[in-house]
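**Q** Hey, dropping upload.txt in here, compact mmCIF, C-alpha atoms and all ligand atoms:
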# COMPACT_ATOMS: atom_id res chain seq x y z
CA MET A 1 16.53 -105.23 3.76
CA THR A 2 13.63 -105.63 1.38
CA VAL A 3 10.15 -104.21 1.96
CA GLN A 4 7.86 -104.49 -1.05
CA LEU A 5 4.20 -103.76 -1.56
CA VAL A 6 2.29 -106.95 -2.37
CA ASP A 7 -1.32 -105.91 -2.09
CA HIS A 8 -3.49 -103.22 -0.52
CA ASN A 9 -6.87 -101.56 -0.44
CA LEU A 10 -5.76 -98.46 1.47
CA SER A 11 -7.12 -95.04 0.72
CA ASP A 12 -7.77 -91.78 2.53
CA GLU A 13 -11.37 -92.02 1.27
CA ALA A 14 -11.91 -95.23 3.27
CA VAL A 15 -11.10 -93.35 6.50
CA VAL A 16 -13.55 -90.59 5.65
CA ARG A 17 -16.30 -93.05 4.68
CA ALA A 18 -15.86 -95.00 7.92
CA ALA A 19 -15.90 -91.82 10.03
CA ARG A 20 -19.00 -90.40 8.31
CA VAL A 21 -21.18 -93.36 9.23
CA SER A 22 -21.15 -92.05 12.80
CA THR A 23 -22.96 -88.85 11.82
CA LEU A 24 -24.81 -89.88 8.66
CA GLY A 25 -25.91 -93.35 9.75
CA ARG A 26 -27.58 -95.39 7.02
CA SER A 27 -27.63 -92.47 4.64
CA SER A 28 -23.84 -92.73 4.43
CA GLY A 29 -24.09 -96.20 2.88
CA GLY A 30 -21.55 -96.54 0.12
CA ALA A 31 -21.24 -92.77 -0.28
CA ARG A 32 -18.09 -91.67 -2.01
CA THR A 33 -16.42 -88.68 -0.48
CA THR A 34 -16.87 -85.30 -2.00
CA GLU A 35 -14.86 -82.30 -0.96
CA GLU A 36 -11.16 -82.79 -0.73
CA ALA A 37 -10.57 -79.95 1.74
CA ARG A 38 -13.37 -81.11 4.04
CA ASP A 39 -12.05 -84.67 3.97
CA LYS A 40 -8.57 -83.46 4.81
CA GLY A 41 -9.99 -81.53 7.77
CA LEU A 42 -11.89 -84.58 8.96
CA ILE A 43 -8.81 -86.82 8.79
CA GLY A 44 -6.80 -84.18 10.67
CA PHE A 45 -9.52 -83.99 13.32
CA LEU A 46 -9.67 -87.78 13.73
CA MET A 47 -5.90 -87.99 14.07
CA ARG A 48 -5.67 -85.10 16.53
CA GLU A 49 -8.51 -86.36 18.71
CA ARG A 50 -7.20 -89.93 18.44
CA HIS A 51 -10.44 -91.27 17.03
CA GLY A 52 -8.60 -94.32 15.85
CA SER A 53 -11.11 -96.80 14.52
CA PRO A 54 -11.76 -95.14 11.12
CA PHE A 55 -8.08 -95.87 10.43
CA GLU A 56 -8.63 -99.60 10.87
CA HIS A 57 -10.45 -100.06 7.55
CA GLY A 58 -8.15 -101.34 4.90
CA SER A 59 -5.10 -103.50 4.77
CA LEU A 60 -1.60 -103.36 3.44
CA THR A 61 0.38 -106.51 2.66
CA LEU A 62 4.15 -106.25 2.49
CA TYR A 63 6.81 -108.77 1.54
CA VAL A 64 9.83 -108.38 3.81
CA GLU A 65 13.32 -109.85 3.76
CA ALA A 66 15.37 -109.08 6.85
CA PRO A 67 17.49 -110.84 9.49
CA ILE A 68 15.76 -112.89 12.18
CA PHE A 69 16.61 -110.30 14.85
CA VAL A 70 14.56 -107.72 12.94
CA PHE A 71 11.62 -110.12 12.62
CA ARG A 72 11.69 -110.78 16.35
CA GLU A 73 11.09 -107.09 16.92
CA TRP A 74 8.59 -106.62 14.11
CA GLN A 75 6.50 -109.59 15.17
CA ARG A 76 5.99 -108.11 18.62
CA HIS A 77 3.44 -105.92 16.88
CA ARG A 78 0.33 -108.02 17.43
CA ILE A 79 -2.10 -105.95 15.43
CA ALA A 80 -0.88 -107.52 12.22
CA SER A 81 -0.94 -110.88 10.43
CA TYR A 82 2.23 -112.74 9.57
CA ASN A 83 3.37 -115.65 7.45
CA GLU A 84 7.06 -116.42 7.60
CA GLU A 85 9.42 -118.67 5.68
CA SER A 86 9.78 -121.96 7.56
CA ALA A 87 13.17 -123.25 8.60
CA ARG A 88 11.47 -126.59 9.30
CA TYR A 89 10.23 -127.08 5.75
CA ARG A 90 13.10 -125.57 3.81
CA GLU A 91 16.83 -125.17 4.12
CA LEU A 92 17.78 -121.57 4.90
CA ARG A 93 20.12 -119.95 2.38
CA PRO A 94 23.45 -118.58 3.61
CA ASP A 95 22.38 -114.93 3.41
CA PHE A 96 23.61 -112.98 6.41
CA TYR A 97 23.43 -109.42 7.63
CA LEU A 98 26.54 -107.24 7.76
CA PRO A 99 26.19 -103.64 8.94
CA ALA A 100 26.94 -101.10 6.23
CA VAL A 101 29.81 -98.69 6.68
CA GLY A 102 28.31 -95.71 8.46
CA ARG A 103 26.03 -97.71 10.77
CA ASN A 104 26.72 -96.42 14.28
CA LEU A 105 28.58 -99.05 16.30
CA VAL A 106 29.27 -97.66 19.74
CA GLN A 107 26.68 -97.43 22.51
CA VAL A 108 27.16 -94.51 24.89
CA GLY A 109 25.21 -93.86 28.10
CA LYS A 110 22.94 -96.22 29.96
CA ALA A 111 19.80 -98.19 29.18
CA GLY A 112 16.86 -95.90 28.60
CA SER A 113 18.99 -92.89 27.72
CA TYR A 114 21.78 -94.13 25.51
CA ARG A 115 22.79 -93.10 22.05
CA PHE A 116 24.90 -94.63 19.33
CA GLU A 117 28.00 -93.12 17.82
CA PRO A 118 30.09 -93.98 14.76
CA GLY A 119 32.70 -96.71 15.02
CA THR A 120 36.32 -96.37 13.98
CA THR A 121 37.69 -98.07 10.88
CA GLU A 122 39.28 -100.64 13.17
CA GLN A 123 35.96 -101.35 14.91
CA PHE A 124 34.27 -101.83 11.54
CA ALA A 125 36.97 -104.32 10.57
CA ILE A 126 36.41 -106.24 13.83
CA VAL A 127 32.63 -106.38 13.32
CA ASP A 128 33.08 -107.56 9.75
CA ALA A 129 35.67 -110.21 10.58
CA GLU A 130 33.83 -111.55 13.64
CA LEU A 131 30.44 -111.72 11.97
CA VAL A 132 31.80 -113.37 8.83
CA ASN A 133 33.66 -115.88 10.97
CA ALA A 134 30.56 -116.66 13.07
CA TYR A 135 28.35 -116.92 10.00
CA GLU A 136 30.72 -119.24 8.15
CA THR A 137 31.34 -121.45 11.15
CA THR A 138 27.70 -121.83 12.11
CA TYR A 139 26.48 -122.32 8.55
CA ARG A 140 29.05 -125.07 8.04
CA SER A 141 27.76 -126.80 11.19
CA TYR A 142 24.21 -126.48 9.86
CA GLU A 143 25.23 -128.06 6.54
CA ARG A 144 27.14 -130.86 8.24
CA MET A 145 24.09 -131.75 10.30
CA LEU A 146 21.82 -131.71 7.25
CA SER A 147 24.30 -133.92 5.37
CA ALA A 148 24.24 -136.36 8.29
CA GLY A 149 20.48 -136.67 7.92
CA ILE A 150 19.53 -134.43 10.84
CA ALA A 151 16.14 -132.74 10.49
CA ARG A 152 16.16 -129.07 9.45
CA GLU A 153 14.18 -128.16 12.59
CA VAL A 154 17.03 -129.47 14.75
CA ALA A 155 19.97 -128.28 12.62
CA ARG A 156 18.64 -124.73 12.52
CA ALA A 157 19.48 -124.30 16.18
CA ALA A 158 23.06 -123.67 15.05
CA LEU A 159 22.12 -120.63 12.94
CA PRO A 160 22.58 -117.07 14.24
CA VAL A 161 19.93 -114.32 14.31
CA GLY A 162 21.82 -112.44 11.58
CA ILE A 163 20.55 -114.89 8.94
CA TYR A 164 17.97 -113.51 6.54
CA THR A 165 14.44 -114.81 6.38
CA SER A 166 11.28 -113.65 4.63
CA MET A 167 7.67 -112.98 5.52
CA TYR A 168 4.37 -111.51 4.44
CA VAL A 169 2.92 -109.04 6.89
CA THR A 170 -0.52 -107.45 6.67
CA MET A 171 -1.43 -104.41 8.75
CA ASN A 172 -4.24 -101.91 8.86
CA PRO A 173 -3.34 -98.19 8.80
CA ARG A 174 -3.77 -97.75 12.54
CA GLY A 175 -1.54 -100.72 13.39
CA LEU A 176 0.95 -99.52 10.80
CA MET A 177 1.09 -96.02 12.29
CA ASN A 178 1.67 -97.53 15.73
CA PHE A 179 4.52 -99.54 14.21
CA LEU A 180 5.99 -96.47 12.47
CA SER A 181 5.69 -94.36 15.59
CA LEU A 182 7.67 -96.89 17.63
CA ARG A 183 10.12 -98.11 15.00
CA THR A 184 11.40 -94.81 13.64
CA HIS A 185 13.47 -92.24 15.44
CA ARG A 186 12.35 -88.68 14.85
CA GLU A 187 13.53 -85.85 17.05
CA ASP A 188 10.40 -83.83 16.21
CA ALA A 189 7.98 -86.60 17.22
CA ALA A 190 5.70 -86.06 20.21
CA PHE A 191 7.10 -89.30 21.57
CA VAL A 192 10.71 -89.87 20.52
CA SER A 193 11.39 -93.58 20.11
CA ASN A 194 14.84 -95.14 19.90
CA PRO A 195 14.47 -98.26 17.75
CA GLN A 196 17.29 -100.45 16.53
CA ARG A 197 18.56 -99.04 13.26
CA GLU A 198 17.86 -102.21 11.24
CA ILE A 199 14.12 -102.32 12.00
CA GLU A 200 14.04 -98.57 11.42
CA MET A 201 15.43 -99.16 7.92
CA CYS A 202 12.48 -101.48 7.25
CA ALA A 203 10.03 -99.05 8.84
CA GLU A 204 11.28 -96.23 6.63
CA LYS A 205 10.55 -98.32 3.54
CA ALA A 206 7.11 -99.26 4.84
CA GLU A 207 6.42 -95.60 5.60
CA ALA A 208 7.30 -94.52 2.05
CA ILE A 209 4.73 -97.01 0.73
CA PHE A 210 2.12 -95.85 3.26
CA ALA A 211 2.72 -92.16 2.45
CA ASP A 212 2.27 -92.89 -1.23
CA LEU A 213 -1.03 -94.74 -0.71
CA MET A 214 -2.54 -92.52 1.99
CA PRO A 215 -0.95 -89.07 1.57
CA VAL A 216 -3.56 -87.18 3.59
CA THR A 217 -3.51 -89.65 6.48
CA HIS A 218 0.27 -89.71 6.44
CA ALA A 219 0.46 -85.91 6.48
CA ALA A 220 -1.96 -85.84 9.44
CA PHE A 221 0.16 -88.47 11.22
CA GLU A 222 3.21 -86.21 10.73
CA ALA A 223 1.34 -83.06 11.75
CA ASN A 224 0.17 -84.69 14.97
CA GLY A 225 3.58 -85.71 16.22
CA ARG A 226 3.62 -89.16 14.63
CA VAL A 227 1.38 -90.56 17.34
CA ALA A 228 -0.87 -93.40 16.18
CA PRO A 229 -4.51 -92.41 16.65
C1 LIG B 1 12.49 -98.91 21.31
C2 LIG B 1 11.78 -100.15 21.77
C3 LIG B 1 12.36 -100.96 22.72
C4 LIG B 1 11.71 -102.13 23.15
N1 LIG B 1 12.32 -102.91 24.09
C5 LIG B 1 11.70 -104.05 24.48
C6 LIG B 1 12.31 -104.89 25.47
O1 LIG B 1 13.39 -104.61 25.96
N2 LIG B 1 11.69 -106.04 25.81
C7 LIG B 1 10.47 -106.38 25.28
O2 LIG B 1 9.92 -107.43 25.63
N3 LIG B 1 9.87 -105.60 24.37
C8 LIG B 1 10.45 -104.45 23.95
N4 LIG B 1 9.84 -103.67 23.01
C9 LIG B 1 8.58 -104.13 22.40
C10 LIG B 1 7.38 -103.34 22.95
O3 LIG B 1 7.21 -103.56 24.34
C11 LIG B 1 6.09 -103.75 22.20
O4 LIG B 1 5.86 -105.13 22.43
C12 LIG B 1 6.19 -103.55 20.72
O5 LIG B 1 6.75 -102.28 20.42
C13 LIG B 1 4.81 -103.67 20.09
O6 LIG B 1 4.08 -102.51 20.41
P1 LIG B 1 2.53 -102.53 20.64
O7 LIG B 1 2.15 -103.46 21.74
O8 LIG B 1 2.11 -101.09 20.78
O9 LIG B 1 2.02 -103.06 19.20
P2 LIG B 1 0.81 -104.04 18.88
O10 LIG B 1 1.02 -105.35 19.52
O11 LIG B 1 0.66 -104.01 17.39
O12 LIG B 1 -0.43 -103.38 19.57
C14 LIG B 1 -0.98 -102.14 19.09
C15 LIG B 1 -1.79 -101.54 20.20
O13 LIG B 1 -2.89 -102.40 20.49
C16 LIG B 1 -3.14 -102.42 21.90
N5 LIG B 1 -2.93 -103.78 22.40
C17 LIG B 1 -2.47 -104.85 21.69
N6 LIG B 1 -2.46 -105.95 22.44
C18 LIG B 1 -2.91 -105.59 23.66
C19 LIG B 1 -3.11 -106.27 24.89
N7 LIG B 1 -2.83 -107.55 25.04
N8 LIG B 1 -3.58 -105.58 25.92
C20 LIG B 1 -3.88 -104.27 25.82
N9 LIG B 1 -3.71 -103.54 24.70
C21 LIG B 1 -3.22 -104.20 23.62
C22 LIG B 1 -2.16 -101.43 22.53
O14 LIG B 1 -2.78 -100.16 22.58
C23 LIG B 1 -1.04 -101.40 21.53
O15 LIG B 1 -0.28 -100.18 21.55
C24 LIG B 1 10.46 -102.49 22.58
C25 LIG B 1 9.89 -101.67 21.63
C26 LIG B 1 10.52 -100.51 21.21
C27 LIG B 1 9.89 -99.64 20.15
Is it possible to express this structure as structure tokens?
**A**
Amino acid sequence: MTVQLVDHNLSDEAVVRAARVSTLGRSSGGARTTEEARDKGLIGFLMRERHGSPFEHGSLTLYVEAPIFVFREWQRHRIASYNEESARYRELRPDFYLPAVGRNLVQVGKAGSYRFEPGTTEQFAIVDAELVNAYETTYRSYERMLSAGIAREVARAALPVGIYTSMYVTMNPRGLMNFLSLRTHREDAAFVSNPQREIEMCAEKAEAIFADLMPVTHAAFEANGRVAP
């Protein structure tokens, strides 16, 4: 999984500036923020009280490479803009996802309250062999169709959701926090989500970038149970 920062204009100051217009009105115009401690307090207050709109100013653009099944989940988040590699206009490369050793393999319990436990060495070998077999077989079909002159948009129907693709995604901090809240599993969160591990791996990378760019906002997000404001 790849999640890289492409572009951004995020800052904790932007949140403070946007919030201050509500009390300062026109006199807030273009004002830079002043006191660090006061700004921190204001961001904490906004997060706690779920005054969300000051967190909508700014945008973060990420470049992501992940399997199609991860993109299907990510792109359910509508408060974002997406541009994805086209399998109509270009031939997809044979890059496929294989779970790393250590990825939990066994689902225990029932829908809504299940958990995942480690697989045995034998189960890992089965996953590896079956996925490699499926990937090789389907990619060969794809290539045969392309060689026979079939359009990429038709031939791609043979490809599995484990194939990698790429996209640009742009989110504002509020939309991003909603994404992080839902796509990471944290026992100490106010709402404990149970996302698929692969999208969580992407979310963790996105969160590291976010925490670096907006440390005060990120700390307030953590302190308030990782609930998006
Ligand atoms: C663990 C997990 C399991 C899931 N399982 C399934 C599943 O089995 N099947 C399935 O279909 N989906 C599933 N989803 C997807 C889920 O239902 C959401 O579509 C997805 O998480 C996007 O969340 P969102 O709507 O909050 O995000 P966004 O679309 O980014 O929206 C952000 C916020 O904006 C507001 N908003 C956006 N659009 C609207 C609207 N049209 N009306 C009102 N308010 C709006 C809401 O407050 C929303 O929280 C799952 C998600 C998770 C995290």
**Q** Each side padded by 5 Å, which centre and which edge lengths in Å (one decimal) define the axis-aligned box around the listed atoms of stretch 55-71 of chain A? Give them as lines of an AutoDock Vina configuration file.
**A**
center_x = 3.5
center_y = -104.4
center_z = 8.2
size_x = 37.9
size_y = 27.0
size_z = 23.3
**Q** Let me see if you get this right: every residue at most 10 Å from ligand LIG 1 (chain B), counting all atoms listed in the file, written as a ChimeraX atom specification.
**A** /A:72-81,111-112,171,174-185,192-196,199-200,228-229
**Q** State, in Å with one decimal place, the distance from atom CA of A:Gly225 to atom CA of A:Ala189.
**A**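 Distance between the two atoms: 4.6 Å.
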**Q** Within 10 Å of A:Val154, counting all atoms listed in the file, which residues qualify if same-chain residues fewer than 6 places away don't, as a list in words?
**A** Ala87, Arg88, Tyr142, Met145 and Leu146 of chain A
**Q** Let me see the file: selected residues, C-alpha atoms, as a short mmCIF file (atom, residue, chain, number, x, y, z; two decimals), in the coordinates of the input.
**A**
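Dumped to part_13.cif:
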data_model
loop_
_atom_site.label_atom_id
_atom_site.label_comp_id
_atom_site.auth_asym_id
_atom_site.auth_seq_id
_atom_site.Cartn_x
_atom_site.Cartn_y
_atom_site.Cartn_z
CA ALA A 87 13.17 -123.25 8.60
CA ARG A 88 11.47 -126.59 9.30
CA TYR A 142 24.21 -126.48 9.86
CA MET A 145 24.09 -131.75 10.30
CA LEU A 146 21.82 -131.71 7.25
#
**Q** What is the distance, in Å and to one decimal place, between atom CA of A:Leu98 and atom CA of A:Ile126?
**A** 11.6 Å
**Q** Work out how far apart atom CA of A:Asn172 and atom CA of A:Gly58 are and give it in Å to one decimal.
**A**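 Straight-line distance from atom CA of A:Asn172 to atom CA of A:Gly58 works out to 5.6 Å.
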**Q** Find the residue from A:Met47, A:Val127, A:Gln4, A:Glu84 that sits nearest to A:Glu222; use only C-alpha atoms when measuring.
**A**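 Looking at the shortest contact to A:Glu222, the residue is A:Met47.
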**Q** What's around A:Asn9 at 10 Å? Count all atoms listed in the file, leave out sequence neighbours fewer than 6 positions away in its own chain, and write the answer as number ranges by chain.
**A** A: 57-61, 172, 213
**Q** So which one's closest to A:Leu10, A:Met214, A:Ala203, A:Met167, A:Ala223? Using all atoms listed in the file, please.
**A**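 Closest residue, counting all atoms listed in the file: A:Met214.
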**Q** With distances taken over all atoms listed in the file, which residue among A:Val216, A:Val106, A:Thr165, A:Glu198 lies nearest A:Arg38?
**A** A:Val216
